[in-house]
Structures are given as structure tokens and as C-alpha cells.
Amino acid sequence: MNKIEQKKLVEACKNQNRYAMEKIYNFYVSRMITVSMRYCKNLSDAEDVVQEAFIKVFRNIKNYNHNGKLGHWIERIVVNCSIDYWHKKKKVIPIDSTEFIKDNEDILVSEYDLRQEQIPIELVRNMISELPEQYRFVLNLYAVEGYSHKEIGEMLKIKESTSRSNYTRARKKLLENIKNSGVLLR
Amino acid sequence: MSTNKDVVKDLLQSKFKDDTIQPSRNLFDNIYEGVKKGEKQMKQRYIWYKVAAALILLIGIGSVLTITFKDTYTTTNEVVINNEKKGDSVIIPQKQQKDFIKEKQLDKTSTLVQNDTINLKKKRTQKAVVTKVLSIKKYNASELSKNLTLADDSNVILYKNSNLNFAMDDRKRLVNLNGNSFFEVKKDKKKPFVVKGNYSSIRVTGTSFIASSREKNDHITLFEGSVDVFHTQTGSKLSMVPGQSVVIDDKGIRLLKKSPNHFAWKTGNLSYQNATVEDVLKDMRENFDIKINVQNPNILQCSYTGSFRKSSPQKIFNILELTLKVKIEQKNNIFVIFGNSTCTD
């Protein structure tokens, strides 16, 4: 979808054009499912989130001003919806610093050893979804979406330092899991 | 090792960059429905806003109209009862008319005359015009005095057979007084408190005073603070200091030496110069809510000169016992005067 075509579609969406909406939906939906899958444990939740997000997208599309990529804009909405969904669902944050990871600092995986191409995407997805909820959110927001710890703190209503330490631990856990899975390394 | 770049970040970003997952079902129909529903709700909400705005406007206009009409309504329904014996008349608002008329009929000494009240009406309507009013509240006291707290937190004791209207906007507080009333005005320099009587307007900021507005004149006794009294017709002004009393009638404003006797319920002060004992007893009945029986009516015509300051009924009767040489007994609220005084003291 080139820029001119996209602009036309967006304008049409502002006028509630069903065809244009469907086109935008079809173009972005699989990517957005990936995004929400990183936050949700199962596909059905992820689809709910995406559905909610697209409704928000089309309701607020008149506020979209063509600055930045439409995909990123929608992605941000999906991420926010994921967070909302999580906040709505969660009763307790099951995370405490003591939950896992003994802080013995002998590094589990020599970080040089990571061969990205050896690691199948399904494995990464699984490993992420196995992380405790809050770790998963922090890891995704920081490493994938590229938010700062300060922003993450505001989004998840936690302290910046908590976000930082959660990320460190999530990273360690992930590396450990990857190592244990045995796909790695020479 | 930690100096190295974040491999996890790199890994995840590269892995997820072009990752796609197909949804298991088509979500679009739900999405489109959701968007449409939202639009509808927004539209409905918009309609409700319109309805609400219209309602508020209607209520606003309605209340302005009712306020204006109510004032004319009450004034035209006032009846003047002339007490022929004493020649003074009292204006009774309709609510109190029944009781009052009953009482008067029992009395049989006075007649009910529906007089021409045009002048009065005019005066009242002028008084009632208040612009930009937020609320007008009406208070009535018929057989018993009432303690009131006005909307500005001022305290008022509305004496029996009196009524007042209170209105307030952001620039002033306004009272239309008809009868006898004690005011303890809450201080608010930005909103002067104005009491309008038949002959005067009293302007205060924060003070306590007692005021009455009756058919023939207005009276004011000031306890605390300061008040400015304006004569309605001439516009002349008098500033009062605590302890002073004034009377305002169609001739102007005059200072009184003593607080008027009809304020005794609050001041406890009564004073007489060549009055009759009957006058004294009448004032006491009115001010203190007591009953006085006189065994020998001759005593009523005795003349009396003297004054009481900050007195209770008991104190006054003690003095009367001595000066009139009578015996006075009290049972609850009933005082009985025995004895044959000859007025020769």
C-alpha cells in the first residue's frame, strides 16, 4: 500500500466507508495479531484485543494526521489495548523480585553465542508467552516497541526502576530458556 | 559483557519485524458493527445534550417568570385589616390571614375591612423588583417566632406575625421585611446585606441589629457593627452606631432616645412616659409570650412612667409589684395580678 493509496483510504474511512475500512483491516490485521499475541497468552484473547483496537482505530481515525506511519499508529493502539485488557483481567500481579532467578551472576548464555537464524520464531513466541505477565509486558514494550522505561512505568502504572529491573530479569530468563531449549549454540 | 549491545533486543526486533499471525476468524464484521454502534451512541448523546440544553433554558425562563409573577401575586392578595380602635393597620400575607381573621373575629372589637391598597401595592411591587436573582426564598412566622438561617449563613429570628423574602446574587443580599425581625448578618464585604422596609433600606456588611417594618414606620436598633440607613423617598442617609435606635417614617429619619418597646423580645428594654399600665401589660404579652390576668381591671388605667433595661418578665413584675403595690403570682406562663391599687403613688 503506497502513501497516496493509504491517504485515500484513510479519508474514505473518515466518511465511514466500509470498503476502505475492510481494506485497511485486511492489510494490517495479521501484523496486529502478532503484536497482541506478544502480550496475550492465547490467540482468542489476542483477537479480542485486536478487534477492540480496530474499533478504536476507525472511531478515532479523524484524529490521525498522516504524520508517521499508519501501521505504527495502529500498532500503538493495539499495544495500549493490550495493556488495558491486561489491567482489566489481572487480579494480582504475580511478580515479585523473589519469584525466580537467583541473582548469581554467572551469565547463562554467552551472549555472543546467540545465533539468531538458529532460533525459530515459534520458539521465541512461546518463550515470551511463558514469561510472567509483567515481565512479558516490560520486555515487549522496551525491546520490541522501543518505549523508554519511564514511558513504560507510566503505561503500566509501575515505577521506572521496577520496569528496569523487570526488564533485566526478563532478559535473563529468556536467555536461560533459550539455552535450555537446546536450539542454540555450537 | 554487559557493555555489549542488548542481544535480546536485537533478537526480538529482528524476529518480530516481519512476523505475522493470521487471525482464526474474520474480525471485521464485529469491528464494523462496533464502529457503527459508537457513532450511533455519539449521535444519541449529542441529541441528549441538545435536549438537556433546551430543558435548562426552559427552566431558566420559567423560574424568572414565576419569580416575577409570584411577587405581584402575593402583593395583590394582601389584605389590610384596620384595627379601628387604635387606628393602625397591619398587613397580613395570605397564609396568615386565616388565623389572624379568626382571632380578630373572636375579638369582635375590630372589623375586617378590605381597603383600597393601591398605594401599598405600588410600594410593594417596587420593593420586589430584584434583578439577576439566583433564588428568592420566602419565610413566614405566624403564631410563633422562628429561627432562620439564610442562604448566606446569616441568622435571623423572625418574630411572630412577620415575614421576609431573601434573595441573593453575586453582588448583594436583599431582604424584604414585613414585620419584626432580628438579624445577625454574616460578614461579606463583597455582598452588602440590604434590608428593605416600607420607608427605609438598611445597608450593612456584617453586624447584628433588630428591625421592624410596619404600616406607619420602620424601626431599627443596632447592637453591633455599623449600618447605613437610607430613607426610601428622600434618599437621606444616617449612619448608626451600636446602641442607637432610629425611626423612619414619611417625614424622614429620626434618632430615638430609647429602643422601641416592640423590640423588647430581643432587647429586654421597655420604657414608658405617662403610659397606662394597660400599655405596659400589652407590650409584655406581645414580647414575652406570657399570659397576664388582672383581677381588678381598675389598675389598667393607672399611669406609668419608667423604664426597664435588659429585663426578664420576672424582673419587670418584681418592680411592678413594688411600684404599683400589688401582688403578682406566677404559674407556668400565666401571671396573675392581685390587689386594689388606687393609682395614687
# chains A, B, ... in the order shown; residues from 1 in each chain; ligands from 1
$ residues_around --residues "region 148-151 of chain A" --least-positions-apart "4" --cutoff "10 Å" --atoms "only C-alpha atoms" --output "list of chain:residue names"
A:Val138, A:Leu141, A:Tyr142, A:Ala143, A:Met155, A:Leu156, A:Lys157, A:Ile158, A:Lys159, A:Glu160, A:Ser161, A:Thr162, A:Ser163, A:Arg164, A:Ser165, A:Tyr167
$ interface_residues --of "chain B" --to "chain A" --cutoff "12 Å" --atoms "only C-alpha atoms" --output "PyMOL selection string"
chain B and resi 1-42
$ select_by_dssp --residues "region 121-307 of chain B" --states "alpha helix (DSSP H)" --output "list in words"
Lys121, Lys122, Lys123, Arg124, Thr125, Gln126, Lys127, Ala128, Ala264, Trp265, Lys266, Thr267, Val277, Glu278, Asp279, Val280, Leu281, Lys282, Asp283, Met284, Arg285, Glu286, Asn287 and Phe288 of chain B
$ residues_around --residues "Phe335 (chain B)" --least-positions-apart "4" --cutoff "8 Å" --atoms "only C-alpha atoms" --output "PyMOL selection string"
chain B and resi 290-293+328-331
$ closest_residue --among "B:Asp250, B:Asp228, B:Asp188, B:Asp279" --to "Glu215 (chain B)" --atoms "only C-alpha atoms"
B:Asp250
$ atom_distance --atom1 "CA of Asn176 (chain B)" --atom2 "CA of Val194 (chain B)"
8.5 Å
$ closest_residue --among "A:Ile178, A:Ala20, A:Leu131, A:Ala12" --to "Lys62 (chain A)" --atoms "only C-alpha atoms"
A:Ala12
$ closest_residue --among "A:Glu133, A:Lys3, A:His87, A:Lys179" --to "Gly68 (chain A)" --atoms "only C-alpha atoms"
A:Lys3
$ closest_residue --among "A:Asn42, A:Asn67, A:Ser82, A:Ser129" --to "Lys7 (chain A)" --atoms "only C-alpha atoms"
A:Asn67
$ residues_around --residues "Leu222 (chain B)" --least-positions-apart "2" --cutoff "10 Å" --atoms "only C-alpha atoms" --output "ChimeraX atom specification"
/B:182-183,207-211,220,224-227,240-246,259
$ select_by_dssp --residues "region 132-174 of chain B" --states "strand (DSSP E)" --output "ChimeraX atom specification"
/B:135-141,146-149,155-158,162-168,173-174
